[in-house]
Amino acid sequence: MATEPQSPVRAAISAEHLVRRFGGFTAVNDVTFRVEKGEIFGFLGPNGSGKTTVIKMLTGLLPLSGGSAHVEGLDVRTDSEAVRERIGYMSQNFSLYYDLTVEENLKFYGRIYSLEPARLKRRMEEIIQLNGLGPYLKRLAAQLSGGWKQRLALGCAMLHEPQLLFLDEPTAGIDPVARRQLWDLLFELSGHGITFFVTTHYMDEAERCSHVAYIYYGKLIADGTPDSLRQLPEVQPDGTRRVEFTAPEVTRALRLARGIPGIRSATIFGQSVHALVDENLSLDGLRRELAENGIAVDEIRPLAPSLEDVFVELTYKQESLLEAASD
Amino acid sequence: MTNVFRGCGAVFYKEVLHVRRDFATLFFSLIIPILQMTLLGYGIDTNIRQINTVVFNADGRRESRELIDRLKNSDTFHVMRHVQNDRDLNDMIVSGRARVGIKIPVDYSDRLLHQMSAQVLVLIDGSDSSVAGPAINVTTAIGLDESLRRVLPSGASFAVDMRPKLMFNPDSRSPNFFLPGLTAILLLNVTTFLTSFSIVREKERGTLEQLFVTPVRPMGLLLGKLLPYLGIGFFELSMILGFMRFVFRVPIHGNVLLLAFLSLPYLFVSLSLGILISSKANTQAEAMQLAFLTILPSVFFSGYIFPRETIPAVLYPISYFIPATYFINIARGIILRGAGLVHLWADGLALFVLGTVLLILAARRFHNKVIMA
Ligand SMILES: Nc1ncnc2c1ncn2[C@@H]1O[C@H](COP(=O)(O)OP(=O)(O)O)[C@@H](O)[C@H]1O
Ligand SMILES: [Mg+2]
């Protein structure tokens with residue numbers, strides 16, 4: 001990749017050294033990434049890390065304080081109008097007109113994009129079909145449940161056949177079934193060649209993305225496919241491996257485990273403990289070690305790092321870097 | 001395609017749907033002005049009549065009774081009580097039961113008969129200046145008239161005979177004076193509120209931000225929002241005028257179509273004001289406060305209640321920046337005085353200039369504070 005510089009025209013999004021300041025506060029700090037066409041790009045990070053701010057910069061809602069960004073090959077600073085024609089955006093809180101019906105909401109967005117009547121009719125039919133909105137056409141948007149509001153908002157955002165869709169926390173506050181259905185829909189659309197830029201808190205959603213990036217208080221600290229991130233040396237240092245074990249009284253087990261030499265770090269996941277251990281520590285050896293410390297392990301097995309593990313490790317590393325810098 | 005009004009049609013369509021769906025708001029915003037109008041039309045009478053008056057007639061003979069009859073017949077005084085001493089006379093006024101006290105001294109008739117000057121004491125409650133003025137004027141006039149009649153030989157005419165004639169509104173009916181001005185205030189009220197609310201609501205919902213990522217241009221958005229409310233404002237105007245004409249029987253001397261035409265720049269000003277408010281306010285409550293803030297000076301400095309001549313000199317220039325000043329002039333001009341475009345074009349032009357300046361200001365603020373926030 002380093003040998004052949006890719007032209008920004010080819011990428012769906014290419015952001016270089018993005019900076020956004022609010023007064024003296026830097027909300028987005030030198031962020032660089034690329035999103036290729038057709039990807040589902042998952043943009044993760046804790047609350048207040050700058051995810052929404054990055055989206056607003058890429059969609060022309062916020063001017064850049066520094067750096068540059070191209071969306072669909074167009075410079076967002078000089079061509080924001082052309083950018084708007086080509087993208088769809090679904091903001092954090094479903095921005096629908098609650099006092100209009102499903103059909104009226106769709107029609108309004110169709111008119112906004114000046115779709116001529118025949119095309120508007122065709123697109124509305126397609127979207128109603130795809131998003132399953134048929135039974136609700138005459139219902140006021142206010143009366144839809146969270147999941148259906150989300151589908152309607154998505155429908156409104158893609159009426160004009162954008163090649164790139166920005167979805168800011170599309171699954172926040174909707175039920176698990178609706179969440180799963182929305183992702184199925186995203187995959188289906190992605191199959192049609194649409195690029196998605198999705199922010200989320202959910203790790204299982206991140207696992208489904210073809211490309212993920214993690215932003216931590218303005219700094220991008222991870223960027224790659226889920227698999228490539230799992231193999232990062234910071235996440236999986238040489239001479240270590242990950243194991244998972246279940247035990248009664250997990251909290252006590254965790255406390256004791258952390259004191260065992262050979263266990264580098266440990267965290268609780270539900271009813272089990274995930275630990276990063278020295279490679280030469282065998283599973284049986286570990287079981288014995290734990291038993292000596294009074295933990296009767298039910299089950300113990302090797303584990304591939306999850307994306308959550310990845311982000312936890314990278315966050316620790318970032319924090320220690322910051323501490324070192326401030327010392 | 002760079003059409004600065006892009007999206008205007010779509011926004012207009014949507015806005016009409018909002019208005020239709022939220023019929024209650026529309027209904028109340030149209031009905032409340034009619035209620036206000038009814039209250040003011042029936043409730044306010046600024047012509048002072050029948051002032052409560054107490055009389056202490058120490059004389060009691062024919063001449064003194066004639067004087068009291070003349071006061072009664074003036075329609076300005078209502079003699080509610082006769083008292084027999086100075087203390088009671090004084091008490092009636094101090095307690096506020098009477099506004100005017102008249103004392104005719106014991107020797108009133110005697111002095112008149114002997115061709116001497118007779119004095120009548122008129123006590124006036126100065127705490128209410130609107131009552132005091134007419135009370136002084138009318139008593140002085142009656143005194144003067146009585147004196148002249150006694151001095152002049154009977155049948156002689158006055159050397160100078162002033163004959164004031166009220167050209168317009170000859171009966172001095174209050175509704176005739178108040179309602180045309182009220183039209184300006186009500187119109188301002190409704191249109192400013194409705195536009196600012198419709199924009200602030202979208203801010204609260206987040207739909208405004210959503211619109212800014214679409215190809216809608218700011219001018220298209222603003223125009224699409226203005227036009228439906230311009231229509232409503234126009235409808236409101238016709239309703240108010242109809243009410244004024246047929247319920248309160250205020251005759252319209254001029255051309256109604258001219259009034260409608262000149263109301264366009266006025267509506268344009270109030271709608272722009274609504275946009276300006278919405279660029280500042282983030283919630284509907286804030287918008288409401290700001291709208292009230294703009295309506296107050298329109299009530300006090302436009303000549304609606306107090307004539308502009310009574311505004312202190314330092315504050316007087318303010319009245320030039322208040323759109324209602326011009327529209328009140330237009331409305332009263334056309335309705336009461338039958339004025340035409342020759343008389344009123346300058347007011348129309350002033351409104352148009354004010355509206356344009358406000359819209360530019362509003363659009364700029366909107367761009368800086370709302371879109372690029
Ligand atoms: N308009 C603004 N003015 C000042 N600070 C802002 C503004 N918008 C966002 N921020 C700050 O920038 C940071 C990033 O916010 P945001 O992008 O909304 O985070 P996220 O979407 O990741 O939760 C936060 O600390 C937020 O308070
Ligand atoms: Mg956010």
# chains A, B, ... in the order shown; residues from 1 in each chain; ligands from 1
>>> interface_residues(of="chain A", to="chain B", cutoff="10 Å", atoms="only C-alpha atoms", output="ChimeraX atom specification")
/A:56,59-63,80-101,104-105,107-114,157
>>> write_last_selection(atoms="N, CA, C and O atoms", output="compact mmCIF listing (two decimals), in the first residue's frame")
# COMPACT_ATOMS: atom_id res chain seq x y z
N LYS A 56 -19.83 15.84 10.91
CA LYS A 56 -20.28 17.18 10.52
C LYS A 56 -19.26 17.88 9.63
O LYS A 56 -19.61 18.63 8.73
N THR A 59 -19.62 16.30 6.16
CA THR A 59 -20.86 16.59 5.44
C THR A 59 -21.04 18.08 5.20
O THR A 59 -22.08 18.50 4.70
N GLY A 60 -20.05 18.87 5.59
CA GLY A 60 -20.13 20.30 5.31
C GLY A 60 -20.94 21.08 6.33
O GLY A 60 -21.25 22.25 6.12
N LEU A 61 -21.29 20.45 7.46
CA LEU A 61 -22.03 21.18 8.49
C LEU A 61 -21.11 22.02 9.36
O LEU A 61 -21.53 22.98 9.97
N LEU A 62 -19.84 21.62 9.45
CA LEU A 62 -18.88 22.36 10.27
C LEU A 62 -17.65 22.64 9.42
O LEU A 62 -17.13 21.73 8.77
N PRO A 63 -17.18 23.88 9.44
CA PRO A 63 -15.95 24.18 8.71
C PRO A 63 -14.74 23.49 9.41
O PRO A 63 -14.77 23.27 10.61
N SER A 80 -18.92 21.91 -1.27
CA SER A 80 -19.84 21.28 -0.32
C SER A 80 -21.22 21.06 -0.93
O SER A 80 -21.91 20.10 -0.59
N GLU A 81 -21.58 21.91 -1.88
CA GLU A 81 -22.90 21.72 -2.46
C GLU A 81 -22.99 20.44 -3.28
O GLU A 81 -23.96 19.68 -3.18
N ALA A 82 -21.96 20.20 -4.07
CA ALA A 82 -21.93 18.97 -4.87
C ALA A 82 -21.85 17.76 -3.95
O ALA A 82 -22.44 16.71 -4.22
N VAL A 83 -21.12 17.91 -2.83
CA VAL A 83 -21.03 16.82 -1.87
C VAL A 83 -22.43 16.47 -1.36
O VAL A 83 -22.82 15.30 -1.30
N ARG A 84 -23.20 17.52 -1.03
CA ARG A 84 -24.53 17.28 -0.47
C ARG A 84 -25.45 16.52 -1.41
O ARG A 84 -26.34 15.80 -0.97
N GLU A 85 -25.26 16.72 -2.72
CA GLU A 85 -26.09 16.01 -3.68
C GLU A 85 -25.80 14.50 -3.63
O GLU A 85 -26.66 13.70 -3.95
N ARG A 86 -24.57 14.15 -3.26
CA ARG A 86 -24.13 12.76 -3.38
C ARG A 86 -24.21 11.95 -2.10
O ARG A 86 -24.01 10.75 -2.12
N ILE A 87 -24.42 12.62 -0.98
CA ILE A 87 -24.42 11.88 0.28
C ILE A 87 -25.78 11.88 0.94
O ILE A 87 -26.64 12.70 0.63
N GLY A 88 -25.95 10.94 1.85
CA GLY A 88 -27.13 10.94 2.70
C GLY A 88 -26.63 11.00 4.14
O GLY A 88 -25.52 10.54 4.44
N TYR A 89 -27.43 11.61 5.02
CA TYR A 89 -26.98 11.77 6.40
C TYR A 89 -28.15 11.51 7.33
O TYR A 89 -29.24 12.03 7.15
N MET A 90 -27.90 10.67 8.31
CA MET A 90 -28.93 10.42 9.31
C MET A 90 -28.33 10.85 10.63
O MET A 90 -27.36 10.26 11.10
N SER A 91 -28.89 11.90 11.23
CA SER A 91 -28.25 12.45 12.42
C SER A 91 -28.58 11.61 13.65
O SER A 91 -29.41 10.72 13.60
N GLN A 92 -27.89 11.94 14.73
CA GLN A 92 -27.94 11.18 15.97
C GLN A 92 -29.36 10.94 16.49
O GLN A 92 -29.68 9.86 16.94
N ASN A 93 -30.19 12.02 16.44
CA ASN A 93 -31.56 11.86 16.91
C ASN A 93 -32.42 11.86 15.65
O ASN A 93 -32.32 12.77 14.86
N PHE A 94 -33.26 10.86 15.50
CA PHE A 94 -33.99 10.76 14.23
C PHE A 94 -34.62 12.10 13.88
O PHE A 94 -35.58 12.52 14.51
N SER A 95 -34.10 12.74 12.85
CA SER A 95 -34.62 14.06 12.51
C SER A 95 -35.76 13.96 11.52
O SER A 95 -35.59 14.24 10.35
N LEU A 96 -36.89 13.51 12.03
CA LEU A 96 -38.06 13.39 11.15
C LEU A 96 -39.06 14.45 11.54
O LEU A 96 -39.00 15.01 12.63
N TYR A 97 -40.01 14.72 10.64
CA TYR A 97 -41.10 15.61 11.00
C TYR A 97 -42.19 14.75 11.60
O TYR A 97 -42.85 14.00 10.90
N TYR A 98 -42.32 14.84 12.91
CA TYR A 98 -43.23 13.95 13.62
C TYR A 98 -44.69 14.19 13.26
O TYR A 98 -45.51 13.30 13.39
N ASP A 99 -45.00 15.40 12.85
CA ASP A 99 -46.41 15.68 12.53
C ASP A 99 -46.74 15.41 11.06
O ASP A 99 -47.83 15.72 10.62
N LEU A 100 -45.78 14.84 10.34
CA LEU A 100 -46.08 14.42 8.97
C LEU A 100 -46.15 12.90 8.94
O LEU A 100 -45.52 12.23 9.75
N THR A 101 -46.86 12.37 7.96
CA THR A 101 -46.94 10.91 7.86
C THR A 101 -45.66 10.38 7.23
O THR A 101 -44.83 11.15 6.73
N GLU A 104 -45.47 11.41 3.69
CA GLU A 104 -45.18 12.83 3.51
C GLU A 104 -43.72 13.15 3.81
O GLU A 104 -43.10 13.98 3.13
N ASN A 105 -43.17 12.48 4.81
CA ASN A 105 -41.75 12.67 5.10
C ASN A 105 -40.90 12.29 3.89
O ASN A 105 -40.01 13.03 3.48
N LYS A 107 -41.86 12.04 0.74
CA LYS A 107 -42.12 12.94 -0.38
C LYS A 107 -41.36 14.24 -0.23
O LYS A 107 -40.81 14.78 -1.19
N PHE A 108 -41.36 14.75 1.01
CA PHE A 108 -40.68 16.02 1.25
C PHE A 108 -39.20 15.92 0.87
O PHE A 108 -38.67 16.76 0.16
N TYR A 109 -38.55 14.84 1.34
CA TYR A 109 -37.12 14.73 1.01
C TYR A 109 -36.91 14.53 -0.49
O TYR A 109 -35.94 15.02 -1.05
N GLY A 110 -37.86 13.82 -1.11
CA GLY A 110 -37.77 13.66 -2.56
C GLY A 110 -37.79 15.01 -3.27
O GLY A 110 -37.03 15.27 -4.19
N ARG A 111 -38.66 15.88 -2.79
CA ARG A 111 -38.76 17.20 -3.42
C ARG A 111 -37.53 18.05 -3.14
O ARG A 111 -37.09 18.83 -3.99
N ILE A 112 -37.00 17.90 -1.93
CA ILE A 112 -35.81 18.65 -1.57
C ILE A 112 -34.68 18.35 -2.56
O ILE A 112 -33.93 19.23 -2.96
N TYR A 113 -34.59 17.07 -2.95
CA TYR A 113 -33.52 16.70 -3.89
C TYR A 113 -33.97 16.88 -5.33
O TYR A 113 -33.33 16.40 -6.25
N SER A 114 -35.09 17.54 -5.52
CA SER A 114 -35.68 17.80 -6.84
C SER A 114 -35.72 16.55 -7.73
O SER A 114 -35.32 16.59 -8.88
N ALA A 157 -33.00 9.48 4.02
CA ALA A 157 -31.61 9.84 3.73
C ALA A 157 -31.11 9.23 2.43
O ALA A 157 -30.10 9.67 1.89
>>> residues_near_ligand(ligand="ligand 2", cutoff="10 Å", atoms="only C-alpha atoms and all ligand atoms", output="ChimeraX atom specification")
/A:45-56,91-93,168-169,199-200
>>> write_last_selection(atoms="N, CA and C atoms", output="short mmCIF file (atom, residue, chain, number, x, y, z; two decimals), in the first residue's frame")
data_model
loop_
_atom_site.label_atom_id
_atom_site.label_comp_id
_atom_site.auth_asym_id
_atom_site.auth_seq_id
_atom_site.Cartn_x
_atom_site.Cartn_y
_atom_site.Cartn_z
N GLY A 45 -15.87 5.02 19.37
CA GLY A 45 -15.21 5.87 20.34
C GLY A 45 -16.17 6.20 21.46
N PRO A 46 -15.62 6.49 22.66
CA PRO A 46 -16.51 6.84 23.77
C PRO A 46 -17.27 8.13 23.48
N ASN A 47 -18.31 8.38 24.28
CA ASN A 47 -19.07 9.63 24.15
C ASN A 47 -18.18 10.84 24.25
N GLY A 48 -18.41 11.83 23.39
CA GLY A 48 -17.64 13.07 23.47
C GLY A 48 -16.26 12.96 22.85
N SER A 49 -16.03 11.90 22.04
CA SER A 49 -14.71 11.72 21.44
C SER A 49 -14.52 12.47 20.14
N GLY A 50 -15.63 12.92 19.56
CA GLY A 50 -15.51 13.67 18.31
C GLY A 50 -16.07 12.96 17.10
N LYS A 51 -16.85 11.89 17.31
CA LYS A 51 -17.41 11.16 16.16
C LYS A 51 -18.37 12.05 15.36
N THR A 52 -19.31 12.64 16.09
CA THR A 52 -20.29 13.49 15.40
C THR A 52 -19.59 14.68 14.75
N THR A 53 -18.60 15.21 15.44
CA THR A 53 -17.87 16.35 14.88
C THR A 53 -17.21 15.98 13.56
N VAL A 54 -16.61 14.79 13.49
CA VAL A 54 -15.98 14.36 12.23
C VAL A 54 -17.03 14.25 11.13
N ILE A 55 -18.19 13.67 11.47
CA ILE A 55 -19.25 13.54 10.45
C ILE A 55 -19.68 14.91 9.97
N LYS A 56 -19.83 15.84 10.91
CA LYS A 56 -20.28 17.18 10.52
C LYS A 56 -19.26 17.88 9.63
N SER A 91 -28.89 11.90 11.23
CA SER A 91 -28.25 12.45 12.42
C SER A 91 -28.58 11.61 13.65
N GLN A 92 -27.89 11.94 14.73
CA GLN A 92 -27.94 11.18 15.97
C GLN A 92 -29.36 10.94 16.49
N ASN A 93 -30.19 12.02 16.44
CA ASN A 93 -31.56 11.86 16.91
C ASN A 93 -32.42 11.86 15.65
N ASP A 168 -25.20 8.40 12.04
CA ASP A 168 -24.64 8.72 13.35
C ASP A 168 -25.43 8.00 14.43
N GLU A 169 -24.82 6.99 15.03
CA GLU A 169 -25.46 6.15 16.06
C GLU A 169 -26.86 5.72 15.65
N THR A 199 -21.42 5.31 13.00
CA THR A 199 -20.84 5.39 14.33
C THR A 199 -21.68 4.53 15.26
N THR A 200 -21.06 3.96 16.24
CA THR A 200 -21.79 3.09 17.16
C THR A 200 -21.01 2.91 18.46
#
>>> select_by_dssp(residues="region 56-269 of chain B", states="helix (DSSP H, G or I)", output="PyMOL selection string")
chain B and resi 62-73+86-94+108-113+129-151+174-205+207-212+218-246+256-269
>>> residues_around(residues="Glu207 (chain A)", least_positions_apart="3", cutoff="7 Å", atoms="only C-alpha atoms", output="mmCIF file with N, CA and C atoms, in the first residue's frame")
data_model
loop_
_atom_site.group_PDB
_atom_site.id
_atom_site.type_symbol
_atom_site.label_atom_id
_atom_site.label_comp_id
_atom_site.auth_asym_id
_atom_site.auth_seq_id
_atom_site.Cartn_x
_atom_site.Cartn_y
_atom_site.Cartn_z
ATOM 1 N N MET A 203 -20.091 -3.142 20.344
ATOM 2 C CA MET A 203 -18.942 -3.883 19.829
ATOM 3 C C MET A 203 -19.366 -4.949 18.830
ATOM 4 N N ASP A 204 -20.547 -5.556 19.056
ATOM 5 C CA ASP A 204 -20.965 -6.594 18.118
ATOM 6 C C ASP A 204 -21.215 -5.981 16.741
ATOM 7 N N PRO A 226 -11.243 -5.472 11.188
ATOM 8 C CA PRO A 226 -11.275 -6.056 12.533
ATOM 9 C C PRO A 226 -10.151 -7.073 12.728
ATOM 10 N N LEU A 307 -12.803 -7.198 19.479
ATOM 11 C CA LEU A 307 -12.520 -5.796 19.179
ATOM 12 C C LEU A 307 -12.512 -4.975 20.455
#
>>> select_by_dssp(residues="region 187-257 of chain A", states="strand (DSSP E or B)", output="JSON, numbers by chain")
{"A": [195, 196, 197, 198, 199, 200, 211, 212, 213, 214, 215, 216, 219, 220, 221, 222, 223, 224, 240, 241, 242, 243, 244, 245, 246]}
>>> atom_distance(atom1="CA of Pro134 (chain B)", atom2="CA of Ala331 (chain B)")
28.0 Å
>>> closest_residue(among="A:Phe197, A:Phe43, A:Tyr316, A:Phe33", to="ligand 1", atoms="only C-alpha atoms and all ligand atoms")
A:Phe43
>>> residues_around(residues="Gly285 (chain A)", least_positions_apart="4", cutoff="12 Å", atoms="only C-alpha atoms", output="number ranges by chain")
A: 260-263, 277-281, 289-292, 300
>>> closest_residue(among="A:Ala257, A:Val71, A:Leu165, A:Leu44", to="Glu205 (chain A)", atoms="only C-alpha atoms")
A:Leu44
>>> closest_residue(among="A:Val273, A:Leu186, A:Leu133, A:Leu167", to="ligand 1", atoms="only C-alpha atoms and all ligand atoms")
A:Leu167
>>> atom_distance(atom1="CA of His78 (chain B)", atom2="CA of Val122 (chain B)")
14.3 Å
>>> residues_around(residues="Trp148 (chain A)", least_positions_apart="4", cutoff="10 Å", atoms="only C-alpha atoms", output="PyMOL selection string")
chain A and resi 102+131-133+136+141+143-144+152-154+174+178+182
>>> write_last_selection(atoms="N, CA and C atoms", output="PDB file, in the first residue's frame")
ATOM      1  N   VAL A 102     -45.508   9.060   7.284  1.00  0.00           N
ATOM      2  CA  VAL A 102     -44.358   8.396   6.691  1.00  0.00           C
ATOM      3  C   VAL A 102     -44.213   8.808   5.225  1.00  0.00           C
ATOM      4  N   ASN A 131     -37.378  -1.135   2.982  1.00  0.00           N
ATOM      5  CA  ASN A 131     -37.420  -0.868   4.418  1.00  0.00           C
ATOM      6  C   ASN A 131     -38.692  -1.396   5.076  1.00  0.00           C
ATOM      7  N   GLY A 132     -39.560  -2.007   4.266  1.00  0.00           N
ATOM      8  CA  GLY A 132     -40.771  -2.597   4.816  1.00  0.00           C
ATOM      9  C   GLY A 132     -41.725  -1.581   5.406  1.00  0.00           C
ATOM     10  N   LEU A 133     -41.757  -0.373   4.844  1.00  0.00           N
ATOM     11  CA  LEU A 133     -42.579   0.687   5.429  1.00  0.00           C
ATOM     12  C   LEU A 133     -44.027   0.637   4.961  1.00  0.00           C
ATOM     13  N   TYR A 136     -47.186   1.266   7.006  1.00  0.00           N
ATOM     14  CA  TYR A 136     -47.216   2.445   7.876  1.00  0.00           C
ATOM     15  C   TYR A 136     -47.319   3.761   7.122  1.00  0.00           C
ATOM     16  N   ALA A 141     -45.250  10.056  11.747  1.00  0.00           N
ATOM     17  CA  ALA A 141     -43.925   9.599  12.154  1.00  0.00           C
ATOM     18  C   ALA A 141     -43.827   9.495  13.670  1.00  0.00           C
ATOM     19  N   GLN A 143     -45.883   8.407  15.667  1.00  0.00           N
ATOM     20  CA  GLN A 143     -46.500   7.201  16.219  1.00  0.00           C
ATOM     21  C   GLN A 143     -45.733   5.927  15.895  1.00  0.00           C
ATOM     22  N   LEU A 144     -44.588   6.051  15.242  1.00  0.00           N
ATOM     23  CA  LEU A 144     -43.785   4.862  14.938  1.00  0.00           C
ATOM     24  C   LEU A 144     -42.915   4.511  16.137  1.00  0.00           C
ATOM     25  N   LEU A 152     -37.433   4.772   8.668  1.00  0.00           N
ATOM     26  CA  LEU A 152     -37.959   5.890   7.890  1.00  0.00           C
ATOM     27  C   LEU A 152     -36.855   6.931   7.673  1.00  0.00           C
ATOM     28  N   ALA A 153     -36.123   7.233   8.750  1.00  0.00           N
ATOM     29  CA  ALA A 153     -35.044   8.226   8.633  1.00  0.00           C
ATOM     30  C   ALA A 153     -34.027   7.753   7.599  1.00  0.00           C
ATOM     31  N   LEU A 154     -33.731   6.463   7.629  1.00  0.00           N
ATOM     32  CA  LEU A 154     -32.794   5.915   6.651  1.00  0.00           C
ATOM     33  C   LEU A 154     -33.361   6.053   5.245  1.00  0.00           C
ATOM     34  N   ILE A 174     -32.692   1.708  20.193  1.00  0.00           N
ATOM     35  CA  ILE A 174     -33.746   0.877  19.598  1.00  0.00           C
ATOM     36  C   ILE A 174     -33.561  -0.564  20.059  1.00  0.00           C
ATOM     37  N   ALA A 178     -34.829  -4.839  16.320  1.00  0.00           N
ATOM     38  CA  ALA A 178     -34.772  -3.773  15.327  1.00  0.00           C
ATOM     39  C   ALA A 178     -33.321  -3.482  14.946  1.00  0.00           C
ATOM     40  N   LEU A 182     -31.872  -3.720  11.257  1.00  0.00           N
ATOM     41  CA  LEU A 182     -31.262  -2.571  10.599  1.00  0.00           C
ATOM     42  C   LEU A 182     -29.920  -2.967   9.996  1.00  0.00           C
TER      43      LEU A 182
END
>>> residues_around(residues="region 286-296 of chain B", least_positions_apart="6", cutoff="10 Å", atoms="only C-alpha atoms", output="list in words")
Ile185, Leu186, Leu188, Asn189, Val190, Thr192, Phe193, Leu194, Ser196, Phe197, Ile199, Val200, Arg201, Ser270, Leu273, Gly274, Leu276, Ile277, Ser278, Ser279, Lys280, Ser302, Ile322 and Ala324 of chain B
>>> write_last_selection(atoms="N, CA and C atoms", output="JSON list (two decimals), in the first residue's frame")
[["chain", "number", "residue", "atom", "x", "y", "z"],
["B", 185, "ILE", "N", -50.78, 46.02, 15.13],
["B", 185, "ILE", "CA", -50.18, 45.27, 16.23],
["B", 185, "ILE", "C", -50.51, 43.79, 16.11],
["B", 186, "LEU", "N", -51.76, 43.48, 15.81],
["B", 186, "LEU", "CA", -52.17, 42.08, 15.73],
["B", 186, "LEU", "C", -51.46, 41.35, 14.60],
["B", 188, "LEU", "N", -48.59, 42.05, 13.32],
["B", 188, "LEU", "CA", -47.19, 41.88, 13.70],
["B", 188, "LEU", "C", -47.06, 40.67, 14.62],
["B", 189, "ASN", "N", -47.96, 40.67, 15.61],
["B", 189, "ASN", "CA", -48.01, 39.59, 16.58],
["B", 189, "ASN", "C", -48.02, 38.22, 15.94],
["B", 190, "VAL", "N", -49.05, 38.01, 15.16],
["B", 190, "VAL", "CA", -49.30, 36.68, 14.62],
["B", 190, "VAL", "C", -48.17, 36.23, 13.69],
["B", 192, "THR", "N", -45.03, 37.33, 13.32],
["B", 192, "THR", "CA", -43.72, 37.18, 13.96],
["B", 192, "THR", "C", -43.67, 35.88, 14.76],
["B", 193, "PHE", "N", -44.72, 35.65, 15.54],
["B", 193, "PHE", "CA", -44.77, 34.44, 16.35],
["B", 193, "PHE", "C", -44.72, 33.20, 15.48],
["B", 194, "LEU", "N", -45.59, 33.14, 14.50],
["B", 194, "LEU", "CA", -45.70, 31.92, 13.71],
["B", 194, "LEU", "C", -44.39, 31.59, 12.98],
["B", 196, "SER", "N", -41.24, 32.63, 13.66],
["B", 196, "SER", "CA", -40.12, 32.28, 14.53],
["B", 196, "SER", "C", -40.35, 30.90, 15.14],
["B", 197, "PHE", "N", -41.60, 30.60, 15.49],
["B", 197, "PHE", "CA", -41.88, 29.28, 16.05],
["B", 197, "PHE", "C", -41.58, 28.18, 15.05],
["B", 199, "ILE", "N", -39.49, 27.98, 12.76],
["B", 199, "ILE", "CA", -38.06, 27.71, 12.57],
["B", 199, "ILE", "C", -37.44, 27.14, 13.84],
["B", 200, "VAL", "N", -37.80, 27.74, 14.98],
["B", 200, "VAL", "CA", -37.21, 27.27, 16.23],
["B", 200, "VAL", "C", -37.61, 25.81, 16.51],
["B", 201, "ARG", "N", -38.84, 25.46, 16.12],
["B", 201, "ARG", "CA", -39.28, 24.08, 16.30],
["B", 201, "ARG", "C", -38.35, 23.11, 15.57],
["B", 270, "SER", "N", -42.51, 41.98, 9.27],
["B", 270, "SER", "CA", -42.74, 41.18, 10.47],
["B", 270, "SER", "C", -42.24, 39.75, 10.30],
["B", 273, "LEU", "N", -38.59, 39.79, 10.80],
["B", 273, "LEU", "CA", -38.35, 39.91, 12.24],
["B", 273, "LEU", "C", -38.44, 38.53, 12.89],
["B", 274, "GLY", "N", -39.41, 37.75, 12.45],
["B", 274, "GLY", "CA", -39.58, 36.39, 12.95],
["B", 274, "GLY", "C", -38.33, 35.55, 12.69],
["B", 276, "LEU", "N", -35.30, 36.72, 12.22],
["B", 276, "LEU", "CA", -34.23, 37.27, 13.05],
["B", 276, "LEU", "C", -34.32, 36.69, 14.46],
["B", 277, "ILE", "N", -35.53, 36.64, 14.98],
["B", 277, "ILE", "CA", -35.74, 36.08, 16.32],
["B", 277, "ILE", "C", -35.31, 34.63, 16.35],
["B", 278, "SER", "N", -35.67, 33.88, 15.32],
["B", 278, "SER", "CA", -35.37, 32.44, 15.35],
["B", 278, "SER", "C", -33.87, 32.18, 15.18],
["B", 279, "SER", "N", -33.13, 33.16, 14.67],
["B", 279, "SER", "CA", -31.69, 32.92, 14.56],
["B", 279, "SER", "C", -31.04, 33.07, 15.93],
["B", 280, "LYS", "N", -31.74, 33.73, 16.84],
["B", 280, "LYS", "CA", -31.20, 33.94, 18.18],
["B", 280, "LYS", "C", -31.73, 32.88, 19.15],
["B", 302, "SER", "N", -45.22, 53.59, 18.54],
["B", 302, "SER", "CA", -45.72, 53.66, 17.17],
["B", 302, "SER", "C", -46.86, 54.65, 17.03],
["B", 322, "ILE", "N", -39.57, 51.66, 14.00],
["B", 322, "ILE", "CA", -40.61, 50.70, 14.35],
["B", 322, "ILE", "C", -41.59, 50.57, 13.19],
["B", 324, "ALA", "N", -44.42, 49.28, 12.91],
["B", 324, "ALA", "CA", -45.84, 49.55, 13.18],
["B", 324, "ALA", "C", -46.16, 51.04, 12.99]]
